[in-house]
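**Q** I'd like to ask you about the structure that follows.
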Amino acid sequence: MKIKKVAIVGGTHGNEFTGTFLLRRWTNNPSEITRESFTTKTLWANPKAFYENKRYIDADLNRCFLRADLDNEAIHTYEGNRAKLINALLGPKGNPAFDFTFDIHTTTGNMGITLILIGEDQYQLRLAAFIKAHMPDVNLLCIPRELGQGNLSSVTPRMLGLEIGPVPQGLLRHDIFEQANEAMRLSLDYIHQVNKGDEPESGSNVEVFMLRGTVGFPVDDDGNICAMVHRELQDRDFKELKKGDAMFSTLNGETITFNEEKTAYPAFINEAAYYDLKIAFSLTDKISMPL
Ligand SMILES: [Zn+2]
């Protein structure tokens, strides 16, 4: 299968600076993202939110791509309009002009370089495994296809999200910037090699963290968050969380433990962007997937 048109999207969330500044680097150095077997387009997704140093203006742009919302002429939020424009440029969803979308994000969680896969697509999986073969600390996080339909990258049939952290919102870090740039370089090399009929070796299996669900913060009778992520869980993204392990500490200092029978591997632990949703972290299952 040949990929002919690749989109690299940055700044989908305005206060995640890495993607925005990588696009600026590539504007000055277009050869870094150019490969002869396909064309590459860069797209700055949410300029207004960047200038206001916010995740979004009216609505989370990375939740605006459900087909029903793209087709809904009554939606006129800033992000709703941006989603329609992006869908017109890269899509339209269902019959897209582009074959592949990269979407660059950062997280306040200690997730290292995490590659987000939506749906169980073998091409995406092998691409991610190729990156992991060259950057061993990389984690692969798979979101079931039905849960990713609001995401920007769902406009094209194939996609890869970069989610790199920990980095505070509204801040640029050299190490994170370099890691994202390296993951993108490897990604484009992989696509080019497959296009040439020369798929690189990336092993027979790869470890994947499959999204299981999310865990909300404990709240009081008024709905206010009344506990924090326990220090023993903080920063332990993709590490084992077993029944009885400390999960939250109430403001009074009481420990709340994890109670599910099945061991989980948390991600997005204490992600700052999820406080308004009162989500404390996600749970995943660690599985091995054949390539
Ligand atoms: Zn983001």
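Chain labels run A, B, ... following the order of the structure tokens; each chain numbers its residues from 1, and ligands are numbered from 1 in the order shown.
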Give me, as an MDAnalysis selection string, the residues of segment 67-261 of chain A that a backbone DSSP run labels strand (DSSP E or B).

**A** chainID A and resid 100:106 112:118 139:143 158:165 205:216 219 225 227:229 241 246:250 255:257

**Q** For ligand 1, list the contacting residues at 8 Å or closer, counting only C-alpha atoms and all ligand atoms, as a PyMOL selection string.

**A** chain A and resi 11-13+16+55+62+104-107+163

**Q** For Gly119 of chain A, list every protein, DNA or RNA residue within 10 Å, evaluated using only C-alpha atoms, and leave out those in the same chain fewer than 4 positions away; present the list as a PyMOL selection string.

**A** chain A and resi 124-125+142-149+154+158-159

**Q** Could you write out the selected residues, including C-alpha atoms, as a PDB file, in the first residue's frame?

**A**
ATOM      1  CA  GLN A 124       0.051   2.079  11.788  1.00  0.00           C
ATOM      2  CA  LEU A 125       1.184  -0.644  14.154  1.00  0.00           C
ATOM      3  CA  CYS A 142      -4.092   2.102  21.265  1.00  0.00           C
ATOM      4  CA  ILE A 143      -7.536   3.705  21.408  1.00  0.00           C
ATOM      5  CA  PRO A 144     -10.444   1.633  20.021  1.00  0.00           C
ATOM      6  CA  ARG A 145     -11.544   3.092  16.688  1.00  0.00           C
ATOM      7  CA  GLU A 146     -15.047   3.952  17.909  1.00  0.00           C
ATOM      8  CA  LEU A 147     -13.622   6.095  20.731  1.00  0.00           C
ATOM      9  CA  GLY A 148     -11.339   8.054  18.400  1.00  0.00           C
ATOM     10  CA  GLN A 149     -13.906   9.294  15.903  1.00  0.00           C
ATOM     11  CA  SER A 154      -9.712  10.508  12.098  1.00  0.00           C
ATOM     12  CA  ARG A 158      -4.442   6.151   8.818  1.00  0.00           C
ATOM     13  CA  MET A 159      -2.894   8.231  11.549  1.00  0.00           C
TER      14      MET A 159
END

**Q** Can you tell me which residues surround Glu254 of chain A at a distance of at most 10 Å, considering only C-alpha atoms, apart from same-chain residues fewer than 6 positions away, and format the answer as a PyMOL selection string?

**A** chain A and resi 227+230+248

**Q** Since we have the selection now, will you write its residues out, keeping C-alpha atoms, as a PDB file, in the first residue's frame?

**A**
ATOM      1  CA  ALA A 227      -8.572  14.102  46.609  1.00  0.00           C
ATOM      2  CA  HIS A 230      -1.334   9.711  45.448  1.00  0.00           C
ATOM      3  CA  PHE A 248      -5.557   8.906  45.712  1.00  0.00           C
TER       4      PHE A 248
END

**Q** Using only C-alpha atoms, can you tell me which of A:Val6, A:Met289, A:Ala59, A:Met111 comes closest to Val206 of chain A?

**A**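 With only C-alpha atoms as the atom set, the closest residue is A:Met289.
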
**Q** Excluding Glu52 of chain A and residues on its chain fewer than 4 positions from it, collect all residues at most 9 Å away from it, counting only C-alpha atoms, and give them as a PDB file with C-alpha atoms, in the first residue's frame.

**A**
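out.pdb was written with the following content:
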ATOM      1  CA  GLY A  14      -3.086  25.816  21.731  1.00  0.00           C
ATOM      2  CA  ASN A  15      -1.136  25.442  24.974  1.00  0.00           C
ATOM      3  CA  PRO A  47      -3.747  29.474  15.960  1.00  0.00           C
ATOM      4  CA  LYS A  48      -6.199  31.462  18.077  1.00  0.00           C
ATOM      5  CA  TYR A  56      -9.099  25.705  23.064  1.00  0.00           C
ATOM      6  CA  ILE A  57     -11.333  28.753  22.620  1.00  0.00           C
TER       7      ILE A  57
END

**Q** Would you return as a tab-separated table (two decimals) with N, CA and C atoms, in the first residue's frame the members of segment 64-224 of chain A that DSSP assigns to alpha helix (DSSP H) on this structure's backbone?

**A**
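Okay, selection.tsv is ready:
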chain	number	residue	atom	x	y	z
A	67	ARG	N	-18.48	12.74	12.45
A	67	ARG	CA	-19.06	13.09	11.14
A	67	ARG	C	-20.33	13.93	11.30
A	68	ALA	N	-21.14	13.58	12.30
A	68	ALA	CA	-22.40	14.32	12.51
A	68	ALA	C	-22.12	15.80	12.84
A	69	ASP	N	-21.03	16.06	13.57
A	69	ASP	CA	-20.69	17.45	13.92
A	69	ASP	C	-20.12	18.19	12.70
A	70	LEU	N	-19.31	17.51	11.91
A	70	LEU	CA	-18.75	18.14	10.71
A	70	LEU	C	-19.87	18.52	9.73
A	78	TYR	N	-15.60	28.43	17.31
A	78	TYR	CA	-14.31	28.61	16.62
A	78	TYR	C	-13.74	27.26	16.21
A	79	GLU	N	-13.69	26.33	17.15
A	79	GLU	CA	-13.11	25.02	16.83
A	79	GLU	C	-14.01	24.23	15.87
A	80	GLY	N	-15.32	24.39	15.99
A	80	GLY	CA	-16.22	23.71	15.05
A	80	GLY	C	-15.94	24.16	13.63
A	81	ASN	N	-15.71	25.46	13.45
A	81	ASN	CA	-15.38	25.99	12.12
A	81	ASN	C	-14.00	25.53	11.66
A	82	ARG	N	-13.05	25.50	12.59
A	82	ARG	CA	-11.71	25.01	12.24
A	82	ARG	C	-11.78	23.55	11.80
A	83	ALA	N	-12.58	22.76	12.53
A	83	ALA	CA	-12.71	21.34	12.18
A	83	ALA	C	-13.25	21.18	10.76
A	84	LYS	N	-14.24	21.99	10.41
A	84	LYS	CA	-14.81	21.90	9.06
A	84	LYS	C	-13.77	22.29	8.01
A	85	LEU	N	-12.97	23.32	8.31
A	85	LEU	CA	-11.92	23.75	7.39
A	85	LEU	C	-10.86	22.65	7.23
A	86	ILE	N	-10.42	22.08	8.36
A	86	ILE	CA	-9.40	21.03	8.31
A	86	ILE	C	-9.94	19.80	7.58
A	87	ASN	N	-11.20	19.49	7.82
A	87	ASN	CA	-11.83	18.36	7.12
A	87	ASN	C	-11.87	18.61	5.61
A	88	ALA	N	-12.10	19.88	5.22
A	88	ALA	CA	-12.11	20.20	3.79
A	88	ALA	C	-10.71	20.11	3.19
A	89	LEU	N	-9.69	20.46	3.98
A	89	LEU	CA	-8.31	20.44	3.47
A	89	LEU	C	-7.73	19.03	3.39
A	90	LEU	N	-7.93	18.25	4.44
A	90	LEU	CA	-7.29	16.92	4.52
A	90	LEU	C	-8.25	15.79	4.15
A	122	GLN	N	-2.76	-2.50	10.82
A	122	GLN	CA	-1.43	-3.13	10.78
A	122	GLN	C	-0.36	-2.16	10.29
A	123	TYR	N	-0.71	-1.29	9.36
A	123	TYR	CA	0.28	-0.33	8.85
A	123	TYR	C	0.73	0.62	9.97
A	124	GLN	N	-0.26	1.17	10.67
A	124	GLN	CA	0.05	2.08	11.79
A	124	GLN	C	0.90	1.36	12.84
A	125	LEU	N	0.51	0.12	13.11
A	125	LEU	CA	1.18	-0.64	14.15
A	125	LEU	C	2.65	-0.91	13.79
A	126	ARG	N	2.88	-1.25	12.53
A	126	ARG	CA	4.26	-1.53	12.10
A	126	ARG	C	5.09	-0.25	12.07
A	127	LEU	N	4.47	0.84	11.68
A	127	LEU	CA	5.16	2.13	11.73
A	127	LEU	C	5.57	2.46	13.17
A	128	ALA	N	4.62	2.30	14.10
A	128	ALA	CA	4.91	2.59	15.50
A	128	ALA	C	5.99	1.65	16.03
A	129	ALA	N	5.94	0.38	15.63
A	129	ALA	CA	6.95	-0.59	16.08
A	129	ALA	C	8.33	-0.23	15.53
A	130	PHE	N	8.34	0.32	14.32
A	130	PHE	CA	9.62	0.75	13.72
A	130	PHE	C	10.22	1.90	14.55
A	131	ILE	N	9.38	2.84	14.95
A	131	ILE	CA	9.87	3.95	15.79
A	131	ILE	C	10.40	3.39	17.11
A	132	LYS	N	9.64	2.47	17.70
A	132	LYS	CA	10.06	1.88	18.99
A	132	LYS	C	11.38	1.11	18.85
A	133	ALA	N	11.58	0.49	17.70
A	133	ALA	CA	12.83	-0.25	17.48
A	133	ALA	C	14.04	0.70	17.51
A	134	HIS	N	13.81	1.96	17.13
A	134	HIS	CA	14.90	2.94	17.13
A	134	HIS	C	14.91	3.83	18.36
A	174	HIS	N	13.49	21.70	25.24
A	174	HIS	CA	14.42	21.24	24.21
A	174	HIS	C	14.38	19.72	24.05
A	175	ASP	N	14.42	18.98	25.17
A	175	ASP	CA	14.48	17.51	25.06
A	175	ASP	C	13.21	16.95	24.41
A	176	ILE	N	12.06	17.48	24.81
A	176	ILE	CA	10.79	17.01	24.25
A	176	ILE	C	10.71	17.36	22.76
A	177	PHE	N	11.15	18.58	22.44
A	177	PHE	CA	11.15	19.05	21.05
A	177	PHE	C	12.00	18.11	20.18
A	178	GLU	N	13.19	17.75	20.68
A	178	GLU	CA	14.08	16.88	19.92
A	178	GLU	C	13.48	15.48	19.76
A	179	GLN	N	12.83	14.98	20.81
A	179	GLN	CA	12.24	13.64	20.73
A	179	GLN	C	11.10	13.60	19.71
A	180	ALA	N	10.29	14.64	19.72
A	180	ALA	CA	9.18	14.69	18.76
A	180	ALA	C	9.73	14.77	17.34
A	181	ASN	N	10.77	15.57	17.16
A	181	ASN	CA	11.38	15.72	15.84
A	181	ASN	C	11.95	14.38	15.36
A	182	GLU	N	12.61	13.66	16.26
A	182	GLU	CA	13.21	12.37	15.91
A	182	GLU	C	12.12	11.34	15.56
A	183	ALA	N	11.04	11.31	16.35
A	183	ALA	CA	9.94	10.37	16.05
A	183	ALA	C	9.33	10.69	14.69
A	184	MET	N	9.22	11.96	14.35
A	184	MET	CA	8.68	12.34	13.04
A	184	MET	C	9.64	11.96	11.92
A	185	ARG	N	10.93	12.16	12.14
A	185	ARG	CA	11.92	11.79	11.11
A	185	ARG	C	11.83	10.29	10.81
A	186	LEU	N	11.78	9.47	11.86
A	186	LEU	CA	11.69	8.02	11.69
A	186	LEU	C	10.39	7.65	10.97
A	187	SER	N	9.30	8.32	11.34
A	187	SER	CA	8.00	8.01	10.73
A	187	SER	C	8.04	8.24	9.22
A	188	LEU	N	8.58	9.39	8.83
A	188	LEU	CA	8.61	9.71	7.40
A	188	LEU	C	9.57	8.78	6.65
A	189	ASP	N	10.66	8.41	7.30
A	189	ASP	CA	11.59	7.43	6.70
A	189	ASP	C	10.88	6.10	6.47
A	190	TYR	N	10.10	5.69	7.46
A	190	TYR	CA	9.40	4.40	7.35
A	190	TYR	C	8.43	4.42	6.16
A	191	ILE	N	7.63	5.48	6.09
A	191	ILE	CA	6.64	5.56	5.00
A	191	ILE	C	7.36	5.54	3.65
A	192	HIS	N	8.46	6.28	3.56
A	192	HIS	CA	9.21	6.32	2.31
A	192	HIS	C	9.75	4.94	1.94
A	193	GLN	N	10.29	4.24	2.92
A	193	GLN	CA	10.86	2.91	2.63
A	193	GLN	C	9.77	1.92	2.20
A	194	VAL	N	8.62	1.97	2.87
A	194	VAL	CA	7.52	1.07	2.48
A	194	VAL	C	7.05	1.43	1.07
A	195	ASN	N	6.95	2.73	0.80
A	195	ASN	CA	6.56	3.17	-0.54
A	195	ASN	C	7.50	2.61	-1.61

**Q** Which is closer to Leu291 of chain A than all the others in A:Asp121, A:Met228, A:Arg173, A:Gly150, using only C-alpha atoms?

**A** A:Asp121

**Q** Using only C-alpha atoms, can you tell me which of A:Gly91, A:Gly19, A:Pro168, A:Pro157 comes closest to Leu43 of chain A?

**A**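 When distances to Leu43 of chain A are compared using only C-alpha atoms, the smallest one comes from A:Gly19.
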
**Q** May I have the residues within 9 Å of Gly112 of chain A as a short mmCIF file (atom, residue, chain, number, x, y, z; two decimals) with N, CA, C and O atoms, in the first residue's frame, using only C-alpha atoms and disregarding those fewer than 2 positions away in the same chain?

**A**
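So the final result, stored in result-v7.cif, reads:
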data_model
loop_
_atom_site.label_atom_id
_atom_site.label_comp_id
_atom_site.auth_asym_id
_atom_site.auth_seq_id
_atom_site.Cartn_x
_atom_site.Cartn_y
_atom_site.Cartn_z
N GLY A 109 1.57 14.57 31.86
CA GLY A 109 1.86 13.27 32.46
C GLY A 109 3.26 12.78 32.08
O GLY A 109 3.83 13.19 31.07
N ASN A 110 3.77 11.88 32.90
CA ASN A 110 5.13 11.35 32.68
C ASN A 110 5.08 10.17 31.70
O ASN A 110 5.42 9.05 32.04
N THR A 114 4.94 8.78 23.73
CA THR A 114 3.86 7.83 23.53
C THR A 114 3.27 8.04 22.14
O THR A 114 2.99 9.16 21.74
N ASP A 137 12.46 3.58 24.41
CA ASP A 137 11.60 4.04 25.50
C ASP A 137 10.19 4.41 25.05
O ASP A 137 9.34 4.77 25.87
N VAL A 138 9.95 4.35 23.75
CA VAL A 138 8.64 4.72 23.22
C VAL A 138 7.56 3.76 23.72
O VAL A 138 7.78 2.55 23.84
N ASN A 139 6.38 4.31 24.04
CA ASN A 139 5.20 3.50 24.40
C ASN A 139 4.17 3.61 23.29
O ASN A 139 4.00 4.67 22.68
N GLU A 163 2.33 11.94 21.64
CA GLU A 163 1.90 12.48 22.95
C GLU A 163 3.12 12.39 23.84
O GLU A 163 3.49 11.31 24.29
N ILE A 164 3.78 13.52 24.04
CA ILE A 164 5.10 13.48 24.68
C ILE A 164 5.11 14.30 25.96
O ILE A 164 4.58 15.41 26.01
N GLY A 165 5.68 13.70 27.00
CA GLY A 165 5.72 14.43 28.26
C GLY A 165 6.70 13.79 29.24
O GLY A 165 7.33 12.79 28.93
N PRO A 166 6.86 14.37 30.44
CA PRO A 166 6.02 15.46 30.94
C PRO A 166 6.52 16.82 30.50
O PRO A 166 7.71 17.10 30.53
N ILE A 176 12.06 17.48 24.81
CA ILE A 176 10.79 17.01 24.25
C ILE A 176 10.71 17.36 22.76
O ILE A 176 10.28 16.56 21.92
N ASP A 237 3.27 6.39 35.01
CA ASP A 237 2.56 6.04 33.78
C ASP A 237 3.15 4.77 33.18
O ASP A 237 4.37 4.60 33.14
#

**Q** Would you mind listing what lies within 9 Å of Phe281 of chain A as a short mmCIF file (atom, residue, chain, number, x, y, z; two decimals) with N, CA and C atoms, in the first residue's frame, with only C-alpha atoms counted and same-chain residues fewer than 3 positions away left out?

**A**
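Generated file (out31.cif):
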data_model
loop_
_atom_site.label_atom_id
_atom_site.label_comp_id
_atom_site.auth_asym_id
_atom_site.auth_seq_id
_atom_site.Cartn_x
_atom_site.Cartn_y
_atom_site.Cartn_z
N GLY A 213 -10.22 2.33 30.01
CA GLY A 213 -11.21 3.29 30.52
C GLY A 213 -10.51 4.41 31.25
N THR A 214 -11.28 5.22 31.95
CA THR A 214 -10.70 6.33 32.71
C THR A 214 -11.15 6.24 34.16
N VAL A 215 -10.39 6.88 35.04
CA VAL A 215 -10.72 6.94 36.47
C VAL A 215 -10.93 8.40 36.83
N GLY A 216 -12.09 8.69 37.41
CA GLY A 216 -12.39 10.06 37.82
C GLY A 216 -11.83 10.37 39.19
N PHE A 217 -11.60 11.65 39.43
CA PHE A 217 -11.22 12.07 40.78
C PHE A 217 -12.40 11.85 41.73
N VAL A 229 -4.05 12.78 43.16
CA VAL A 229 -3.33 11.57 42.79
C VAL A 229 -2.27 11.30 43.86
N PRO A 266 -1.67 2.46 34.14
CA PRO A 266 -2.26 3.79 33.96
C PRO A 266 -1.48 4.66 32.97
N ALA A 267 -2.18 5.60 32.38
CA ALA A 267 -1.58 6.60 31.49
C ALA A 267 -2.27 7.94 31.75
N PHE A 268 -1.68 9.02 31.24
CA PHE A 268 -2.22 10.37 31.46
C PHE A 268 -2.46 10.62 32.95
N ILE A 269 -1.53 10.13 33.80
CA ILE A 269 -1.72 10.31 35.24
C ILE A 269 -1.60 11.80 35.59
N ASN A 270 -2.64 12.33 36.19
CA ASN A 270 -2.67 13.73 36.64
C ASN A 270 -2.45 14.70 35.49
N GLU A 271 -3.04 14.41 34.34
CA GLU A 271 -2.95 15.29 33.17
C GLU A 271 -3.72 16.59 33.46
N TYR A 274 -7.17 17.51 31.96
CA TYR A 274 -8.37 16.72 32.24
C TYR A 274 -9.04 17.10 33.56
#

**Q** Determine the nearest neighbour of Pro290 of chain A from the options A:Asn29, A:Thr257, A:Asn205, A:Thr39, counting only C-alpha atoms.

**A** A:Asn205
